[in-house]
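S.K.: Structure file data.cif (mmCIF, C-alpha atoms) is given on the next line.
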```cif
data_data
loop_
_atom_site.group_PDB
_atom_site.id
_atom_site.type_symbol
_atom_site.label_atom_id
_atom_site.label_comp_id
_atom_site.auth_asym_id
_atom_site.auth_seq_id
_atom_site.Cartn_x
_atom_site.Cartn_y
_atom_site.Cartn_z
ATOM 1 C CA MET A 1 76.410 202.285 212.116
ATOM 2 C CA ARG A 2 78.011 202.551 208.665
ATOM 3 C CA VAL A 3 81.607 201.653 207.756
ATOM 4 C CA LEU A 4 83.147 204.363 205.552
ATOM 5 C CA ARG A 5 86.804 203.407 205.147
ATOM 6 C CA LEU A 6 89.049 200.471 206.033
ATOM 7 C CA ARG A 7 92.855 200.289 206.147
ATOM 8 C CA ILE A 8 94.707 196.986 206.516
ATOM 9 C CA LEU A 9 98.410 196.432 207.203
ATOM 10 C CA HIS A 10 99.965 192.939 207.151
ATOM 11 C CA LEU A 11 96.978 190.846 208.258
ATOM 12 C CA THR A 12 97.181 187.091 207.425
ATOM 13 C CA SER A 13 97.164 186.645 203.634
ATOM 14 C CA LEU A 14 96.861 190.397 202.990
ATOM 15 C CA ALA A 15 100.564 191.143 203.442
ATOM 16 C CA GLY A 16 101.103 194.826 202.681
ATOM 17 C CA GLU A 17 98.976 197.919 203.083
ATOM 18 C CA PHE A 18 95.471 198.046 201.613
ATOM 19 C CA THR A 19 92.707 200.663 201.735
ATOM 20 C CA ILE A 20 89.025 200.167 200.936
ATOM 21 C CA ASP A 21 86.905 203.307 200.545
ATOM 22 C CA PHE A 22 83.278 202.268 200.971
ATOM 23 C CA THR A 23 82.148 205.771 199.986
ATOM 24 C CA HIS A 24 83.385 205.133 196.446
ATOM 25 C CA PRO A 25 80.597 205.184 193.820
ATOM 26 C CA ALA A 26 81.196 201.475 193.185
ATOM 27 C CA TYR A 27 79.687 200.742 196.633
ATOM 28 C CA ARG A 28 76.899 203.318 196.419
ATOM 29 C CA GLY A 29 74.211 200.702 195.792
ATOM 30 C CA GLY A 30 74.700 199.337 199.307
ATOM 31 C CA VAL A 31 74.864 195.675 198.243
ATOM 32 C CA PHE A 32 78.103 194.063 197.044
ATOM 33 C CA ALA A 33 79.936 190.771 197.386
ATOM 34 C CA ILE A 34 83.474 189.928 198.501
ATOM 35 C CA THR A 35 84.618 187.085 196.252
ATOM 36 C CA GLY A 36 87.842 185.233 195.569
ATOM 37 C CA PRO A 37 89.529 181.861 195.970
ATOM 38 C CA THR A 38 90.234 180.266 199.327
ATOM 39 C CA GLY A 39 93.008 182.131 201.117
ATOM 40 C CA ALA A 40 92.572 185.309 199.104
ATOM 41 C CA GLY A 41 91.706 187.316 202.264
ATOM 42 C CA LYS A 42 87.921 187.615 202.151
ATOM 43 C CA THR A 43 87.478 186.794 205.815
ATOM 44 C CA THR A 44 90.517 188.906 206.690
ATOM 45 C CA ILE A 45 88.637 192.007 205.538
ATOM 46 C CA LEU A 46 85.843 191.246 207.993
ATOM 47 C CA ASP A 47 88.379 190.365 210.685
ATOM 48 C CA ALA A 48 90.112 193.715 210.135
ATOM 49 C CA ILE A 49 86.878 195.612 210.746
ATOM 50 C CA CYS A 50 86.215 193.652 213.909
ATOM 51 C CA LEU A 51 89.838 193.967 215.043
ATOM 52 C CA ALA A 52 89.891 197.749 214.614
ATOM 53 C CA LEU A 53 86.658 198.129 216.570
ATOM 54 C CA TYR A 54 87.007 195.604 219.386
ATOM 55 C CA GLY A 55 90.628 194.416 219.362
ATOM 56 C CA ARG A 56 89.615 190.816 218.620
ATOM 57 C CA THR A 57 87.859 188.693 216.013
ATOM 58 C CA PRO A 58 85.422 185.785 216.141
ATOM 59 C CA ARG A 59 88.274 183.454 215.142
ATOM 60 C CA LEU A 60 90.853 185.017 217.510
ATOM 61 C CA PRO A 61 89.262 186.080 220.795
ATOM 62 C CA ARG A 62 92.644 187.052 222.334
ATOM 63 C CA ILE A 63 95.518 188.854 220.595
ATOM 64 C CA ASN A 64 98.261 190.055 222.929
ATOM 65 C CA LYS A 65 101.948 189.709 223.722
ATOM 66 C CA GLY A 66 101.468 186.001 224.204
ATOM 67 C CA GLY A 67 100.395 185.342 220.649
ATOM 68 C CA ASN A 68 99.214 186.947 217.428
ATOM 69 C CA GLU A 69 98.050 184.589 214.696
ATOM 70 C CA ILE A 70 96.609 187.339 212.509
ATOM 71 C CA MET A 71 99.893 189.118 211.705
ATOM 72 C CA SER A 72 101.262 188.213 208.278
ATOM 73 C CA ARG A 73 104.288 185.945 208.359
ATOM 74 C CA SER A 74 107.743 187.498 208.099
ATOM 75 C CA ARG A 75 106.355 190.862 209.162
ATOM 76 C CA GLY A 76 107.227 192.985 212.157
ATOM 77 C CA GLU A 77 103.917 194.797 212.567
ATOM 78 C CA CYS A 78 100.219 194.696 211.695
ATOM 79 C CA ALA A 79 97.348 197.138 211.995
ATOM 80 C CA ALA A 80 93.706 197.748 211.170
ATOM 81 C CA GLU A 81 91.890 201.071 211.032
ATOM 82 C CA VAL A 82 88.230 201.702 210.315
ATOM 83 C CA THR A 83 86.376 204.981 209.885
ATOM 84 C CA PHE A 84 82.673 204.653 210.635
ATOM 85 C CA GLU A 85 79.603 206.799 211.030
ATOM 86 C CA THR A 86 76.819 206.799 213.627
ATOM 87 C CA PRO A 87 73.971 209.255 214.265
ATOM 88 C CA ALA A 88 76.310 210.952 216.764
ATOM 89 C CA GLY A 89 79.060 211.656 214.197
ATOM 90 C CA ARG A 90 82.074 210.149 212.469
ATOM 91 C CA TRP A 91 84.788 208.224 214.307
ATOM 92 C CA ARG A 92 88.084 206.480 213.601
ATOM 93 C CA ALA A 93 89.061 203.279 215.456
ATOM 94 C CA SER A 94 92.503 201.740 215.081
ATOM 95 C CA TRP A 95 94.316 198.697 216.427
ATOM 96 C CA ALA A 96 98.007 197.889 215.924
ATOM 97 C CA GLN A 97 100.714 195.578 217.241
ATOM 98 C CA ARG A 98 104.388 195.326 216.419
ATOM 99 C CA ARG A 99 107.366 193.214 217.231
ATOM 100 C CA ALA A 100 110.530 194.519 218.873
ATOM 101 C CA ARG A 101 112.553 196.625 216.418
ATOM 102 C CA LEU A 102 109.949 195.716 213.762
ATOM 103 C CA LYS A 103 111.832 192.478 213.148
ATOM 104 C CA ALA A 104 109.885 189.409 212.072
ATOM 105 C CA GLY A 105 111.457 187.291 214.806
ATOM 106 C CA GLY A 106 111.268 189.870 217.543
ATOM 107 C CA PRO A 107 109.061 189.425 220.613
ATOM 108 C CA LEU A 108 105.552 190.829 220.422
ATOM 109 C CA GLN A 109 104.852 194.158 222.111
ATOM 110 C CA ASP A 110 101.617 195.237 223.767
ATOM 111 C CA PRO A 111 98.959 196.135 221.176
ATOM 112 C CA ARG A 112 97.596 199.666 220.820
ATOM 113 C CA HIS A 113 93.883 200.353 220.552
ATOM 114 C CA GLU A 114 92.498 203.872 220.045
ATOM 115 C CA ILE A 115 89.242 205.634 219.224
ATOM 116 C CA ALA A 116 89.166 209.222 217.977
ATOM 117 C CA GLU A 117 86.884 211.631 216.198
ATOM 118 C CA ALA A 118 87.259 211.547 212.433
ATOM 119 C CA GLY A 119 88.597 215.086 212.667
ATOM 120 C CA GLY A 120 91.476 213.931 214.855
ATOM 121 C CA ARG A 121 90.575 214.503 218.554
ATOM 122 C CA LEU A 122 91.567 211.423 220.575
ATOM 123 C CA LEU A 123 88.804 210.041 222.801
ATOM 124 C CA GLU A 124 90.410 206.959 224.363
ATOM 125 C CA SER A 125 93.739 205.160 224.020
ATOM 126 C CA GLN A 126 93.825 202.906 227.086
ATOM 127 C CA LEU A 127 93.695 199.310 225.898
ATOM 128 C CA SER A 128 91.230 198.145 228.568
ATOM 129 C CA ARG A 129 88.765 200.982 227.922
ATOM 130 C CA THR A 130 88.759 201.562 224.176
ATOM 131 C CA ALA A 131 86.473 198.657 223.245
ATOM 132 C CA ALA A 132 83.889 199.773 225.828
ATOM 133 C CA ARG A 133 84.029 203.341 224.493
ATOM 134 C CA ILE A 134 83.453 202.071 220.942
ATOM 135 C CA ALA A 135 80.544 199.918 222.133
ATOM 136 C CA ALA A 136 79.001 203.043 223.669
ATOM 137 C CA LEU A 137 79.378 204.963 220.390
ATOM 138 C CA THR A 138 78.061 202.177 218.143
ATOM 139 C CA GLY A 139 75.451 200.817 220.550
ATOM 140 C CA LEU A 140 76.799 197.294 219.890
ATOM 141 C CA THR A 141 78.965 195.073 222.051
ATOM 142 C CA PHE A 142 81.399 192.654 220.419
ATOM 143 C CA GLU A 143 78.885 189.792 220.660
ATOM 144 C CA GLN A 144 76.046 191.902 219.249
ATOM 145 C CA PHE A 145 78.221 193.210 216.426
ATOM 146 C CA THR A 146 79.398 189.753 215.366
ATOM 147 C CA ARG A 147 75.831 188.422 215.447
ATOM 148 C CA ALA A 148 74.149 191.347 213.737
ATOM 149 C CA SER A 149 76.859 192.376 211.252
ATOM 150 C CA LEU A 150 79.571 189.711 210.949
ATOM 151 C CA LEU A 151 78.128 186.220 211.100
ATOM 152 C CA ALA A 152 81.119 183.966 211.645
ATOM 153 C CA GLN A 153 81.699 181.169 209.114
ATOM 154 C CA GLY A 154 81.789 178.490 211.780
ATOM 155 C CA ALA A 155 78.481 179.545 213.298
ATOM 156 C CA PHE A 156 76.774 179.586 209.901
ATOM 157 C CA ALA A 157 78.193 176.159 208.998
ATOM 158 C CA ALA A 158 76.891 174.763 212.288
ATOM 159 C CA PHE A 159 73.475 176.157 211.503
ATOM 160 C CA LEU A 160 73.379 174.538 208.043
ATOM 161 C CA ALA A 161 74.454 171.139 209.400
ATOM 162 C CA ALA A 162 72.112 171.118 212.398
ATOM 163 C CA PRO A 163 68.971 168.909 212.494
ATOM 164 C CA ALA A 164 65.683 170.619 211.742
ATOM 165 C CA ASP A 165 64.602 170.509 215.400
ATOM 166 C CA ASP A 166 67.811 172.219 216.539
ATOM 167 C CA LYS A 167 67.963 174.957 213.901
ATOM 168 C CA ALA A 168 65.563 177.279 215.728
ATOM 169 C CA ALA A 169 67.590 177.189 218.936
ATOM 170 C CA LEU A 170 70.862 177.585 217.014
ATOM 171 C CA LEU A 171 69.457 180.510 215.015
ATOM 172 C CA GLU A 172 68.470 182.189 218.259
ATOM 173 C CA GLN A 173 71.997 181.730 219.549
ATOM 174 C CA ILE A 174 73.603 183.108 216.376
ATOM 175 C CA THR A 175 71.332 186.130 215.972
ATOM 176 C CA GLY A 176 70.661 186.820 219.636
ATOM 177 C CA THR A 177 66.888 186.609 219.158
ATOM 178 C CA ALA A 178 66.358 184.535 222.298
ATOM 179 C CA LEU A 179 65.454 187.832 223.920
ATOM 180 C CA TYR A 180 62.357 188.103 221.720
ATOM 181 C CA ARG A 181 61.315 184.590 222.665
ATOM 182 C CA ASP A 182 61.521 185.547 226.349
ATOM 183 C CA ILE A 183 59.551 188.721 225.639
ATOM 184 C CA SER A 184 56.845 186.688 223.864
ATOM 185 C CA ILE A 185 56.559 184.308 226.824
ATOM 186 C CA ARG A 186 56.255 187.223 229.240
ATOM 187 C CA VAL A 187 53.622 188.891 227.029
ATOM 188 C CA HIS A 188 51.482 185.733 227.048
ATOM 189 C CA GLN A 189 51.881 185.414 230.812
ATOM 190 C CA ARG A 190 50.898 189.042 231.322
ATOM 191 C CA ARG A 191 47.906 188.603 229.014
ATOM 192 C CA ALA A 192 46.681 185.629 231.028
ATOM 193 C CA GLU A 193 47.120 187.541 234.298
ATOM 194 C CA GLU A 194 45.233 190.573 233.000
ATOM 195 C CA ARG A 195 42.437 188.360 231.666
ATOM 196 C CA ARG A 196 42.043 186.774 235.122
ATOM 197 C CA ARG A 197 41.954 190.209 236.708
ATOM 198 C CA LEU A 198 39.287 191.334 234.240
ATOM 199 C CA GLU A 199 37.155 188.301 235.020
ATOM 200 C CA ASP A 200 37.473 188.961 238.756
ATOM 201 C CA LEU A 201 36.460 192.605 238.269
ATOM 202 C CA GLU A 202 33.465 191.623 236.140
ATOM 203 C CA LYS A 203 32.331 189.190 238.843
ATOM 204 C CA ALA A 204 32.730 191.848 241.535
ATOM 205 C CA GLY A 205 30.789 194.348 239.411
ATOM 206 C CA ALA A 206 27.955 191.894 238.931
ATOM 207 C CA VAL A 207 27.751 191.362 242.692
ATOM 208 C CA LEU A 208 27.649 195.113 243.363
ATOM 209 C CA ALA A 209 25.001 195.704 240.689
ATOM 210 C CA ALA A 210 22.650 193.059 242.086
ATOM 211 C CA PRO A 211 20.170 194.326 244.712
ATOM 212 C CA ALA A 212 20.675 193.193 248.268
ATOM 213 C CA PRO A 213 18.381 190.439 249.552
ATOM 214 C CA GLY A 214 15.040 191.841 250.581
ATOM 215 C CA GLU A 215 15.692 195.223 248.984
ATOM 216 C CA ASP A 216 12.962 196.204 246.508
ATOM 217 C CA GLU A 217 12.889 198.806 243.758
ATOM 218 C CA ALA A 218 11.228 201.452 245.959
ATOM 219 C CA GLY A 219 14.019 201.151 248.489
ATOM 220 C CA LEU A 220 16.640 201.546 245.782
ATOM 221 C CA ARG A 221 14.906 204.690 244.491
ATOM 222 C CA LEU A 222 14.808 206.137 248.005
ATOM 223 C CA ARG A 223 18.489 205.373 248.450
ATOM 224 C CA ARG A 224 19.212 207.014 245.122
ATOM 225 C CA ALA A 225 17.328 210.171 246.163
ATOM 226 C CA GLU A 226 19.290 210.298 249.426
ATOM 227 C CA LEU A 227 22.560 209.983 247.566
ATOM 228 C CA ALA A 228 21.502 212.692 245.094
ATOM 229 C CA GLY A 229 20.727 215.031 248.005
ATOM 230 C CA ARG A 230 24.058 214.254 249.594
ATOM 231 C CA LEU A 231 25.786 214.951 246.289
ATOM 232 C CA GLU A 232 24.031 218.311 245.972
ATOM 233 C CA SER A 233 25.088 219.230 249.517
ATOM 234 C CA LEU A 234 28.691 218.314 248.780
ATOM 235 C CA GLU A 235 28.617 220.360 245.594
ATOM 236 C CA GLY A 236 27.356 223.365 247.605
ATOM 237 C CA GLU A 237 30.150 222.898 250.143
ATOM 238 C CA LEU A 238 32.600 222.692 247.289
ATOM 239 C CA ALA A 239 31.315 225.964 245.834
ATOM 240 C CA SER A 240 31.562 227.644 249.245
ATOM 241 C CA GLY A 241 35.052 226.349 249.607
ATOM 242 C CA GLY A 242 35.936 227.837 246.215
ATOM 243 C CA GLU A 243 34.605 231.244 247.305
ATOM 244 C CA ALA A 244 36.540 231.053 250.560
ATOM 245 C CA ARG A 245 39.697 230.132 248.697
ATOM 246 C CA ALA A 246 39.223 233.113 246.346
ATOM 247 C CA TRP A 247 38.696 235.391 249.375
ATOM 248 C CA LEU A 248 41.864 234.077 251.001
ATOM 249 C CA GLN A 249 43.812 234.639 247.802
ATOM 250 C CA THR A 250 42.510 238.236 247.629
ATOM 251 C CA LEU A 251 43.433 238.765 251.284
ATOM 252 C CA ALA A 252 46.932 237.427 250.661
ATOM 253 C CA GLY A 253 47.291 239.840 247.741
ATOM 254 C CA LEU A 254 46.187 242.789 249.874
ATOM 255 C CA GLU A 255 48.596 241.829 252.653
ATOM 256 C CA GLU A 256 51.394 241.664 250.121
ATOM 257 C CA GLU A 257 50.449 245.121 248.807
ATOM 258 C CA ARG A 258 50.332 246.436 252.397
ATOM 259 C CA ASP A 259 53.825 245.138 253.087
ATOM 260 C CA ARG A 260 55.068 246.704 249.858
ATOM 261 C CA LEU A 261 53.552 250.115 250.759
ATOM 262 C CA ALA A 262 54.987 249.906 254.283
ATOM 263 C CA ALA A 263 58.440 249.296 252.867
ATOM 264 C CA LYS A 264 57.965 252.219 250.473
ATOM 265 C CA GLU A 265 56.830 254.462 253.358
ATOM 266 C CA LYS A 266 59.914 253.500 255.360
ATOM 267 C CA GLU A 267 62.126 254.295 252.414
ATOM 268 C CA LEU A 268 60.469 257.732 251.957
ATOM 269 C CA ALA A 269 60.855 258.505 255.664
ATOM 270 C CA GLY A 270 64.577 257.808 255.421
ATOM 271 C CA ARG A 271 64.904 260.038 252.377
ATOM 272 C CA ARG A 272 62.886 262.785 254.122
ATOM 273 C CA GLN A 273 65.175 262.652 257.163
ATOM 274 C CA ALA A 274 68.250 262.826 254.946
ATOM 275 C CA PHE A 275 66.761 265.932 253.204
ATOM 276 C CA THR A 276 66.039 267.815 256.450
ATOM 277 C CA PRO A 277 69.274 269.958 256.469
ATOM 278 C CA LEU A 278 68.724 270.943 252.861
ATOM 279 C CA ALA A 279 65.090 271.772 253.604
ATOM 280 C CA GLU A 280 66.127 274.128 256.421
ATOM 281 C CA ARG A 281 68.598 275.901 254.147
ATOM 282 C CA LEU A 282 65.909 276.214 251.481
ATOM 283 C CA GLU A 283 63.473 277.699 253.970
ATOM 284 C CA ARG A 284 66.013 280.359 255.073
ATOM 285 C CA ALA A 285 66.783 281.115 251.450
ATOM 286 C CA ASN A 286 63.079 281.594 250.709
ATOM 287 C CA LEU A 287 62.794 284.035 253.664
ATOM 288 C CA ALA A 288 65.753 286.069 252.397
ATOM 289 C CA LEU A 289 64.586 286.071 248.780
ATOM 290 C CA PRO A 290 62.547 289.420 249.046
ATOM 291 C CA LEU A 291 65.711 291.166 250.331
ATOM 292 C CA ALA A 292 67.821 289.996 247.418
ATOM 293 C CA PRO A 293 67.523 293.352 245.428
ATOM 294 C CA LEU A 294 68.499 295.382 248.494
ATOM 295 C CA GLY A 295 71.399 293.081 249.137
ATOM 296 C CA ALA A 296 72.598 293.492 245.561
ATOM 297 C CA GLU A 297 72.289 297.271 245.816
ATOM 298 C CA LEU A 298 74.160 297.277 249.142
ATOM 299 C CA ALA A 299 76.914 295.192 247.625
ATOM 300 C CA LEU A 300 77.195 297.635 244.710
ATOM 301 C CA LEU A 301 77.427 300.645 247.075
ATOM 302 C CA ARG A 302 80.082 298.909 249.116
ATOM 303 C CA GLN A 303 82.030 298.198 245.926
ATOM 304 C CA GLN A 304 81.775 301.854 244.839
ATOM 305 C CA ARG A 305 82.830 303.066 248.315
ATOM 306 C CA ALA A 306 85.868 300.768 248.292
ATOM 307 C CA ALA A 307 86.839 302.009 244.819
ATOM 308 C CA ALA A 308 86.522 305.668 245.924
ATOM 309 C CA ILE A 309 88.670 305.134 248.975
ATOM 310 C CA GLN A 310 91.292 303.363 246.946
ATOM 311 C CA SER A 311 91.312 306.219 244.413
ATOM 312 C CA LEU A 312 91.834 308.834 247.167
ATOM 313 C CA PHE A 313 94.807 307.022 248.616
ATOM 314 C CA ARG A 314 96.418 306.755 245.189
ATOM 315 C CA GLY A 315 96.528 310.560 244.665
ATOM 316 C CA GLY A 316 93.131 311.643 243.503
ATOM 317 C CA PRO A 317 91.653 315.215 244.205
ATOM 318 C CA ASN A 318 91.617 316.273 247.869
ATOM 319 C CA PRO A 319 88.358 316.550 249.708
ATOM 320 C CA ALA A 320 88.549 320.362 249.974
ATOM 321 C CA GLY A 321 88.914 320.705 246.247
ATOM 322 C CA SER A 322 92.055 322.910 246.567
ATOM 323 C CA PRO A 323 94.297 322.668 243.515
ATOM 324 C CA GLY A 324 97.907 321.640 243.972
ATOM 325 C CA ARG A 325 97.393 319.885 247.335
ATOM 326 C CA ARG A 326 97.453 316.065 247.590
ATOM 327 C CA TRP A 327 96.903 313.693 250.434
ATOM 328 C CA PRO A 328 100.091 312.443 251.963
ATOM 329 C CA GLY A 329 101.230 308.961 251.197
#
```
Let me see the structure of the file written as structure tokens.
M.R.:
Amino acid sequence: MRVLRLRILHLTSLAGEFTIDFTHPAYRGGVFAITGPTGAGKTTILDAICLALYGRTPRLPRINKGGNEIMSRSRGECAAEVTFETPAGRWRASWAQRRARLKAGGPLQDPRHEIAEAGGRLLESQLSRTAARIAALTGLTFEQFTRASLLAQGAFAAFLAAPADDKAALLEQITGTALYRDISIRVHQRRAEERRRLEDLEKAGAVLAAPAPGEDEAGLRLRRAELAGRLESLEGELASGGEARAWLQTLAGLEEERDRLAAKEKELAGRRQAFTPLAERLERANLALPLAPLGAELALLRQQRAAAIQSLFRGGPNPAGSPGRRWPG
């Protein structure tokens, strides 16, 4: 997680609006110090980051309508907004609270806590869920963030003043490294258990390797030969089983091909039945094909005959060939 930008509005001694751009070249080295006299607002900057992310600070675990000790005096509102970056993207978390009518003496209203993408899409705005959503994005709960990133002044002072024998335990509490101590203890316990198991296995192996009472070398060789023969027999059975499996696979393939051909044959039979009327018409047409020229000639003669008859009825020459006489009608 990397903080990119911080905005502060009326928080403790930082009355007014302030913006810190951590992407500015002045911070490019990655190491810088926040300095100033007591009360200048050094801790307020860290509190603002924590407030924008989790809605609380190490010094003020609860900020609600009942009380807000981080708002600047004589102010009617306060806010903190932080833009940060994780491997999953860039996000903007904001927290704000105001008094009624923005008056310094007005009653406190419920705070607002939101998390959104840096581009603007709101992800969560419900007060009870925003901190958990931010913890999921950053991978750090409030306790982990304050231990790993913002070591509270009080916790560090307690560490410096603690006796030498207590510093290790206090350092574990501040940094959350007690987990690694527990892991180390469990690793040593597991190592001891595995060592005992190894010793037991070595003892069992030694017992198995030792010849049985009364069993000589000749007997062991005979037993070895018997086992070798048994192994050879099992290998032969295994080979036979492989051949049988290959035969069964081939048979399954042939049965599948048979079923496919049967389905194809059924399909062709259906198509043949559907073609039967057309086949009969084709057969009749093939029988009549040699008569096609005669049929054409007959059709032509019929056409000529019809034309001649029509010409006679319309006043053409009479059949007897006598001039001046016409057929009635």
S.K.: Give me the residues near range 97-114 of chain A as JSON, numbers by chain, where near means some atom within 12 Å (using all atoms listed in the file) and where sequence neighbours in that chain fewer than 5 positions away do not count.
M.R.: {"A": [9, 10, 11, 51, 52, 53, 54, 55, 56, 62, 63, 64, 65, 66, 67, 68, 69, 70, 71, 72, 73, 74, 75, 76, 77, 78, 79, 80, 81, 82, 83, 91, 92, 120, 121, 122, 123, 124, 125, 126, 127, 128, 129, 130, 131, 132, 133, 134]}
S.K.: I'd like the interatomic distance between CA of Thr146 in chain A and CA of Ile183 in chain A, to a tenth of an Å.
M.R.: 22.4 Å
S.K.: Using only C-alpha atoms, which of A:Ala40, A:Gly229, A:Pro25, A:Ala168 sits nearest Thr12 in chain A?
M.R.: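 Of the candidates, the smallest distance to Thr12 in chain A is held by A:Ala40.
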S.K.: Which residues match the PyMOL selection byres ((chain A and resi 20) around 6) in the file above, as a PyMOL selection string?
M.R.: chain A and resi 5-6+19+21
S.K.: If I take CA of Phe84 in chain A and CA of Val3 in chain A, how far is one from the other in Å, to one decimal?
M.R.: 4.3 Å
S.K.: Could you tell me how far CA of Gly219 in chain A sits from CA of Leu231 in chain A, in Å to one decimal place?
M.R.: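 So the answer is 18.3 Å.
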S.K.: Restricting the calculation to all atoms listed in the file: of A:Leu4, A:Leu227, A:Leu282, A:Leu150, which residue gets closest to Arg28 in chain A?
M.R.: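 So, comparing all the options, the nearest one is A:Leu4.
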S.K.: Counting all atoms listed in the file, figure out which residue out of A:Ala263, A:Ile115, A:Met1, A:Leu251 gets nearest to Thr138 in chain A.
M.R.: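 Among the listed residues, the smallest separation from Thr138 in chain A belongs to A:Met1.
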S.K.: I need every residue sitting at most 9 Å from the point (85.3, 185.5, 218.1) (coordinates as in the file, all atoms listed in the file considered), written as a PDB file with C-alpha atoms, keeping the file's coordinate frame.
M.R.:
```pdb
ATOM      1  CA  ARG A  56      89.615 190.816 218.620  1.00  0.00           C
ATOM      2  CA  THR A  57      87.859 188.693 216.013  1.00  0.00           C
ATOM      3  CA  PRO A  58      85.422 185.785 216.141  1.00  0.00           C
ATOM      4  CA  ARG A  59      88.274 183.454 215.142  1.00  0.00           C
ATOM      5  CA  LEU A  60      90.853 185.017 217.510  1.00  0.00           C
ATOM      6  CA  PRO A  61      89.262 186.080 220.795  1.00  0.00           C
ATOM      7  CA  ARG A  62      92.644 187.052 222.334  1.00  0.00           C
ATOM      8  CA  PHE A 142      81.399 192.654 220.419  1.00  0.00           C
ATOM      9  CA  GLU A 143      78.885 189.792 220.660  1.00  0.00           C
ATOM     10  CA  THR A 146      79.398 189.753 215.366  1.00  0.00           C
ATOM     11  CA  ALA A 152      81.119 183.966 211.645  1.00  0.00           C
TER      12      ALA A 152
END
```
